[in-house]
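Engineer: Structure supplied as data.tsv; contents: TSV, N, CA and C atoms.
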```
chain	number	residue	atom	x	y	z
R	509	MET	N	18.30	-8.91	2.74
R	509	MET	CA	17.84	-9.18	1.39
R	509	MET	C	18.50	-8.16	0.47
R	510	LYS	N	18.91	-8.63	-0.69
R	510	LYS	CA	19.57	-7.75	-1.65
R	510	LYS	C	18.56	-7.26	-2.69
R	511	PRO	N	18.78	-6.05	-3.22
R	511	PRO	CA	17.85	-5.50	-4.22
R	511	PRO	C	17.70	-6.36	-5.47
R	512	ASP	N	18.72	-7.17	-5.79
R	512	ASP	CA	18.63	-8.01	-6.99
R	512	ASP	C	18.18	-9.44	-6.68
R	513	ASP	N	17.71	-9.67	-5.46
R	513	ASP	CA	17.24	-11.00	-5.07
R	513	ASP	C	16.04	-11.40	-5.94
R	514	PRO	N	16.09	-12.56	-6.59
R	514	PRO	CA	14.98	-12.98	-7.45
R	514	PRO	C	13.66	-13.15	-6.70
R	515	LEU	N	13.75	-13.37	-5.40
R	515	LEU	CA	12.54	-13.51	-4.59
R	515	LEU	C	11.67	-12.26	-4.65
R	516	LEU	N	12.31	-11.09	-4.79
R	516	LEU	CA	11.56	-9.83	-4.85
R	516	LEU	C	10.63	-9.77	-6.07
R	517	GLN	N	10.97	-10.51	-7.11
R	517	GLN	CA	10.14	-10.50	-8.32
R	517	GLN	C	8.82	-11.24	-8.13
R	518	ILE	N	8.77	-12.15	-7.15
R	518	ILE	CA	7.54	-12.95	-6.99
R	518	ILE	C	6.76	-12.61	-5.72
R	519	LEU	N	7.37	-11.85	-4.80
R	519	LEU	CA	6.65	-11.48	-3.59
R	519	LEU	C	5.57	-10.45	-3.92
R	520	ALA	N	4.43	-10.57	-3.24
R	520	ALA	CA	3.32	-9.66	-3.47
R	520	ALA	C	2.68	-9.27	-2.14
R	521	CYS	N	2.06	-8.13	-2.13
R	521	CYS	CA	1.34	-7.67	-0.94
R	521	CYS	C	0.18	-8.63	-0.68
R	522	PRO	N	-0.01	-9.05	0.56
R	522	PRO	CA	-1.10	-9.97	0.85
R	522	PRO	C	-2.48	-9.33	0.73
R	523	LEU	N	-2.54	-8.02	0.69
R	523	LEU	CA	-3.84	-7.34	0.61
R	523	LEU	C	-4.28	-7.04	-0.82
R	524	ASP	N	-3.39	-6.40	-1.61
R	524	ASP	CA	-3.81	-6.05	-2.97
R	524	ASP	C	-3.12	-6.88	-4.05
R	525	LYS	N	-2.28	-7.81	-3.64
R	525	LYS	CA	-1.57	-8.74	-4.54
R	525	LYS	C	-0.63	-8.04	-5.52
R	526	GLY	N	-0.34	-6.77	-5.28
R	526	GLY	CA	0.58	-6.02	-6.14
R	526	GLY	C	2.01	-6.17	-5.68
R	527	PRO	N	2.96	-5.65	-6.47
R	527	PRO	CA	4.38	-5.78	-6.14
R	527	PRO	C	4.76	-4.99	-4.89
R	528	LEU	N	5.80	-5.48	-4.24
R	528	LEU	CA	6.37	-4.82	-3.07
R	528	LEU	C	7.76	-4.32	-3.42
R	529	HIS	N	8.21	-3.29	-2.72
R	529	HIS	CA	9.52	-2.69	-2.97
R	529	HIS	C	10.37	-2.82	-1.72
R	530	LEU	N	11.64	-3.18	-1.92
R	530	LEU	CA	12.57	-3.30	-0.82
R	530	LEU	C	12.97	-1.91	-0.34
R	531	VAL	N	12.90	-1.71	0.97
R	531	VAL	CA	13.34	-0.47	1.59
R	531	VAL	C	14.53	-0.81	2.46
R	532	VAL	N	15.65	-0.14	2.21
R	532	VAL	CA	16.89	-0.42	2.93
R	532	VAL	C	17.23	0.76	3.84
R	533	PRO	N	17.94	0.50	4.95
R	533	PRO	CA	18.37	1.60	5.81
R	533	PRO	C	19.29	2.55	5.04
R	534	GLU	N	19.27	3.82	5.42
R	534	GLU	CA	20.11	4.80	4.74
R	534	GLU	C	21.59	4.55	4.98
R	535	ASP	N	21.94	4.05	6.16
R	535	ASP	CA	23.34	3.70	6.44
R	535	ASP	C	23.36	2.54	7.43
R	536	ALA	N	24.50	1.90	7.54
R	536	ALA	CA	24.62	0.69	8.36
R	536	ALA	C	24.41	0.97	9.84
R	537	ALA	N	24.65	2.20	10.29
R	537	ALA	CA	24.51	2.51	11.71
R	537	ALA	C	23.07	2.80	12.12
R	538	GLU	N	22.19	2.89	11.15
R	538	GLU	CA	20.80	3.24	11.42
R	538	GLU	C	20.07	2.07	12.08
R	539	ASP	N	19.15	2.39	13.00
R	539	ASP	CA	18.37	1.36	13.69
R	539	ASP	C	17.35	0.70	12.78
R	540	ALA	N	16.89	1.42	11.78
R	540	ALA	CA	15.85	0.88	10.91
R	540	ALA	C	16.32	-0.38	10.22
R	541	SER	N	15.43	-1.33	10.12
R	541	SER	CA	15.78	-2.57	9.45
R	541	SER	C	15.15	-2.58	8.06
R	542	GLU	N	15.50	-3.59	7.32
R	542	GLU	CA	14.93	-3.73	5.99
R	542	GLU	C	13.44	-4.00	6.10
R	543	ALA	N	12.74	-3.62	5.06
R	543	ALA	CA	11.30	-3.85	5.02
R	543	ALA	C	10.87	-3.93	3.56
R	544	LEU	N	9.69	-4.47	3.35
R	544	LEU	CA	9.05	-4.44	2.04
R	544	LEU	C	7.92	-3.43	2.14
R	545	TYR	N	7.77	-2.62	1.10
R	545	TYR	CA	6.80	-1.52	1.16
R	545	TYR	C	5.85	-1.55	-0.02
R	546	ASN	N	4.58	-1.33	0.28
R	546	ASN	CA	3.55	-1.20	-0.74
R	546	ASN	C	3.13	0.27	-0.76
R	547	PRO	N	3.64	1.06	-1.72
R	547	PRO	CA	3.30	2.48	-1.75
R	547	PRO	C	1.85	2.76	-2.11
R	548	ARG	N	1.19	1.81	-2.75
R	548	ARG	CA	-0.21	2.01	-3.12
R	548	ARG	C	-1.11	2.05	-1.89
R	549	LEU	N	-0.87	1.15	-0.94
R	549	LEU	CA	-1.66	1.09	0.29
R	549	LEU	C	-0.95	1.74	1.47
R	550	ARG	N	0.30	2.17	1.25
R	550	ARG	CA	1.13	2.77	2.29
R	550	ARG	C	1.26	1.82	3.48
R	551	ARG	N	1.64	0.57	3.16
R	551	ARG	CA	1.85	-0.45	4.20
R	551	ARG	C	3.27	-0.97	4.11
R	552	ARG	N	3.89	-1.12	5.29
R	552	ARG	CA	5.26	-1.61	5.39
R	552	ARG	C	5.23	-2.98	6.09
R	553	TYR	N	5.97	-3.94	5.50
R	553	TYR	CA	6.08	-5.29	6.05
R	553	TYR	C	7.53	-5.52	6.46
R	554	PRO	N	7.77	-5.95	7.70
R	554	PRO	CA	9.15	-6.13	8.16
R	554	PRO	C	9.82	-7.36	7.56
R	555	ILE	N	11.14	-7.32	7.52
R	555	ILE	CA	11.96	-8.48	7.16
R	555	ILE	C	12.73	-8.83	8.42
R	556	VAL	N	12.45	-9.99	8.99
R	556	VAL	CA	13.06	-10.42	10.24
R	556	VAL	C	14.00	-11.58	9.97
R	557	ASP	N	15.27	-11.41	10.29
R	557	ASP	CA	16.28	-12.44	10.05
R	557	ASP	C	16.26	-12.92	8.59
R	558	GLY	N	16.06	-11.97	7.67
R	558	GLY	CA	16.06	-12.30	6.25
R	558	GLY	C	14.77	-12.88	5.72
R	559	ILE	N	13.74	-12.98	6.57
R	559	ILE	CA	12.46	-13.59	6.16
R	559	ILE	C	11.38	-12.51	6.14
R	560	PRO	N	10.78	-12.25	4.96
R	560	PRO	CA	9.69	-11.27	4.88
R	560	PRO	C	8.47	-11.75	5.67
R	561	GLN	N	7.92	-10.87	6.47
R	561	GLN	CA	6.73	-11.17	7.27
R	561	GLN	C	5.53	-10.61	6.51
R	562	LEU	N	4.88	-11.46	5.73
R	562	LEU	CA	3.84	-10.98	4.81
R	562	LEU	C	2.42	-11.36	5.19
R	563	LEU	N	2.18	-11.60	6.46
R	563	LEU	CA	0.79	-11.77	6.90
R	563	LEU	C	0.16	-10.39	6.96
R	564	PRO	N	-1.13	-10.26	6.62
R	564	PRO	CA	-1.76	-8.95	6.68
R	564	PRO	C	-1.58	-8.26	8.03
R	565	ALA	N	-1.63	-9.02	9.11
R	565	ALA	CA	-1.47	-8.43	10.44
R	565	ALA	C	-0.05	-7.97	10.72
R	566	SER	N	0.92	-8.45	9.95
R	566	SER	CA	2.32	-8.04	10.15
R	566	SER	C	2.61	-6.67	9.56
R	567	GLY	N	1.81	-6.25	8.61
R	567	GLY	CA	2.03	-4.96	7.97
R	567	GLY	C	1.56	-3.83	8.85
R	568	GLU	N	2.21	-2.67	8.67
R	568	GLU	CA	1.77	-1.50	9.42
R	568	GLU	C	1.54	-0.34	8.46
R	569	GLN	N	0.48	0.40	8.76
R	569	GLN	CA	0.15	1.59	7.98
R	569	GLN	C	1.15	2.68	8.32
R	570	VAL	N	1.61	3.43	7.31
R	570	VAL	CA	2.56	4.51	7.57
R	570	VAL	C	1.90	5.86	7.35
R	571	ARG	N	2.42	6.85	8.08
R	571	ARG	CA	1.90	8.22	7.96
R	571	ARG	C	2.44	8.86	6.68
R	572	ASP	N	1.89	10.01	6.34
R	572	ASP	CA	2.29	10.72	5.11
R	572	ASP	C	3.78	11.05	5.10
R	573	ASP	N	4.32	11.53	6.23
R	573	ASP	CA	5.74	11.90	6.26
R	573	ASP	C	6.63	10.66	6.14
R	574	GLU	N	6.21	9.54	6.74
R	574	GLU	CA	6.96	8.29	6.61
R	574	GLU	C	6.91	7.79	5.17
R	575	HIS	N	5.76	7.96	4.53
R	575	HIS	CA	5.59	7.52	3.15
R	575	HIS	C	6.61	8.20	2.25
R	576	GLU	N	6.77	9.51	2.40
R	576	GLU	CA	7.73	10.24	1.58
R	576	GLU	C	9.16	9.75	1.83
R	577	GLU	N	9.49	9.49	3.08
R	577	GLU	CA	10.83	9.00	3.42
R	577	GLU	C	11.06	7.60	2.84
R	578	LEU	N	10.06	6.74	2.91
R	578	LEU	CA	10.20	5.39	2.38
R	578	LEU	C	10.36	5.40	0.86
R	579	LEU	N	9.67	6.29	0.18
R	579	LEU	CA	9.83	6.41	-1.27
R	579	LEU	C	11.27	6.75	-1.63
R	580	LYS	N	11.92	7.58	-0.84
R	580	LYS	CA	13.32	7.94	-1.09
R	580	LYS	C	14.26	6.78	-0.85
R	581	ARG	N	13.90	5.89	0.09
R	581	ARG	CA	14.79	4.79	0.48
R	581	ARG	C	14.53	3.50	-0.29
R	582	MET	N	13.55	3.48	-1.19
R	582	MET	CA	13.27	2.27	-1.94
R	582	MET	C	14.46	1.93	-2.84
R	583	ALA	N	14.85	0.66	-2.82
R	583	ALA	CA	15.96	0.21	-3.65
R	583	ALA	C	15.55	0.28	-5.11
R	584	PRO	N	16.48	0.67	-6.00
R	584	PRO	CA	16.14	0.78	-7.43
R	584	PRO	C	15.89	-0.57	-8.06
```
Can the structure in the file be given as structure tokens, please?
Structural biologist:
Amino acid sequence: MKPDDPLLQILACPLDKGPLHLVVPEDAAEDASEALYNPRLRRRYPIVDGIPQLLPASGEQVRDDEHEELLKRMAP
């Protein structure tokens, strides 16, 4: 998913209905995959084969240190 994808403008967190932010890997060699992140609830939703997995059960709670790292990696 690209940061300028129009789909990002309409996607919302399934729990609080607020906006989600695209999180991209720091470099192409990194194992981490793209995800959508809700910094308000500190929940990360995976993007699998280009499809956001936005069921509440698909999201995972992140720890404080992960939260700080995800904030740095959020696409502008």
Engineer: Show me, as a PDB file with N, CA and C atoms, keeping the file's coordinate frame, the residues that have an atom within 7 Å of Asn546 (chain R) when counting all atoms listed in the file, minus same-chain residues fewer than 3 positions from it.
Structural biologist:
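Output saved as result_0.pdb:
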```pdb
ATOM      1  N   CYS R 521       2.060  -8.130  -2.130  1.00  0.00           N
ATOM      2  CA  CYS R 521       1.340  -7.670  -0.940  1.00  0.00           C
ATOM      3  C   CYS R 521       0.180  -8.630  -0.680  1.00  0.00           C
ATOM      4  N   PRO R 527       2.960  -5.650  -6.470  1.00  0.00           N
ATOM      5  CA  PRO R 527       4.380  -5.780  -6.140  1.00  0.00           C
ATOM      6  C   PRO R 527       4.760  -4.990  -4.890  1.00  0.00           C
ATOM      7  N   LEU R 528       5.800  -5.480  -4.240  1.00  0.00           N
ATOM      8  CA  LEU R 528       6.370  -4.820  -3.070  1.00  0.00           C
ATOM      9  C   LEU R 528       7.760  -4.320  -3.420  1.00  0.00           C
ATOM     10  N   HIS R 529       8.210  -3.290  -2.720  1.00  0.00           N
ATOM     11  CA  HIS R 529       9.520  -2.690  -2.970  1.00  0.00           C
ATOM     12  C   HIS R 529      10.370  -2.820  -1.720  1.00  0.00           C
ATOM     13  N   LEU R 549      -0.870   1.150  -0.940  1.00  0.00           N
ATOM     14  CA  LEU R 549      -1.660   1.090   0.290  1.00  0.00           C
ATOM     15  C   LEU R 549      -0.950   1.740   1.470  1.00  0.00           C
ATOM     16  N   ARG R 550       0.300   2.170   1.250  1.00  0.00           N
ATOM     17  CA  ARG R 550       1.130   2.770   2.290  1.00  0.00           C
ATOM     18  C   ARG R 550       1.260   1.820   3.480  1.00  0.00           C
ATOM     19  N   ARG R 551       1.640   0.570   3.160  1.00  0.00           N
ATOM     20  CA  ARG R 551       1.850  -0.450   4.200  1.00  0.00           C
ATOM     21  C   ARG R 551       3.270  -0.970   4.110  1.00  0.00           C
ATOM     22  N   ARG R 552       3.890  -1.120   5.290  1.00  0.00           N
ATOM     23  CA  ARG R 552       5.260  -1.610   5.390  1.00  0.00           C
ATOM     24  C   ARG R 552       5.230  -2.980   6.090  1.00  0.00           C
ATOM     25  N   TYR R 553       5.970  -3.940   5.500  1.00  0.00           N
ATOM     26  CA  TYR R 553       6.080  -5.290   6.050  1.00  0.00           C
ATOM     27  C   TYR R 553       7.530  -5.520   6.460  1.00  0.00           C
TER      28      TYR R 553
END
```
Engineer: Looking only at the backbone, which of the residues in chain R does DSSP tag as alpha helix (DSSP H), as a PyMOL selection string?
Structural biologist: chain R and resi 515-518+572-581
Engineer: List as a PyMOL selection string: which residues have an atom within 12 Å of (6.0, 6.8, 6.8), counting only C-alpha atoms?
Structural biologist: chain R and resi 531+545-547+549-552+568-581
Engineer: Please measure the separation of CA of Val532 (chain R) and atom N of Met509 (chain R), giving the value in Å to one decimal.
Structural biologist: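 So the two atoms, CA of Val532 (chain R) and atom N of Met509 (chain R), lie 8.6 Å apart.
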Engineer: Once DSSP has gone over the backbone, tell me which residues of chain R are in strand (DSSP E or B), as a list in words.
Structural biologist: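 Those in chain R that DSSP calls strand (DSSP E or B) are Ala520, Pro527, His529, Leu530, Val531, Ala543, Leu544, Tyr545, Asn546, Arg551, Arg552, Tyr553, Pro554, Ile555, Val556, Ile559, Pro560, Glu568, Gln569 and Met582 of chain R.
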Engineer: With distances taken over only C-alpha atoms, which of R:Asp557, R:Leu544, R:Met582, R:Pro533 is nearest to Leu516 (chain R)?
Structural biologist: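 Of R:Asp557, R:Leu544, R:Met582, R:Pro533, the one nearest Leu516 (chain R), counting only C-alpha atoms, is R:Leu544.
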Engineer: Can you tell me which residues surround Pro522 (chain R) at a distance of at most 8 Å, considering all atoms listed in the file, apart from same-chain residues fewer than 6 positions away, and format the answer as a PDB file with N, CA and C atoms, keeping the file's coordinate frame?
Structural biologist:
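Done, and the output landed in around.pdb:
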```pdb
ATOM      1  N   LEU R 562       4.880 -11.460   5.730  1.00  0.00           N
ATOM      2  CA  LEU R 562       3.840 -10.980   4.810  1.00  0.00           C
ATOM      3  C   LEU R 562       2.420 -11.360   5.190  1.00  0.00           C
ATOM      4  N   LEU R 563       2.180 -11.600   6.460  1.00  0.00           N
ATOM      5  CA  LEU R 563       0.790 -11.770   6.900  1.00  0.00           C
ATOM      6  C   LEU R 563       0.160 -10.390   6.960  1.00  0.00           C
ATOM      7  N   PRO R 564      -1.130 -10.260   6.620  1.00  0.00           N
ATOM      8  CA  PRO R 564      -1.760  -8.950   6.680  1.00  0.00           C
ATOM      9  C   PRO R 564      -1.580  -8.260   8.030  1.00  0.00           C
TER      10      PRO R 564
END
```
Engineer: Using all atoms listed in the file, give me every residue within 6 Å of (12.0, -5.4, 7.0) in file coordinates, as a PyMOL selection string.
Structural biologist: chain R and resi 541-544+553-556
Engineer: I'd like the interatomic distance between atom C of Pro560 (chain R) and CA of Arg548 (chain R), to a tenth of an Å.
Structural biologist: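 If I compute the distance from atom C of Pro560 (chain R) to CA of Arg548 (chain R), I get 18.5 Å.
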Engineer: To one decimal in Å, tell me the separation between atom C of Gly567 (chain R) and atom N of Asp513 (chain R).
Structural biologist: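 We find that atom C of Gly567 (chain R) and atom N of Asp513 (chain R) lie 22.4 Å from each other.
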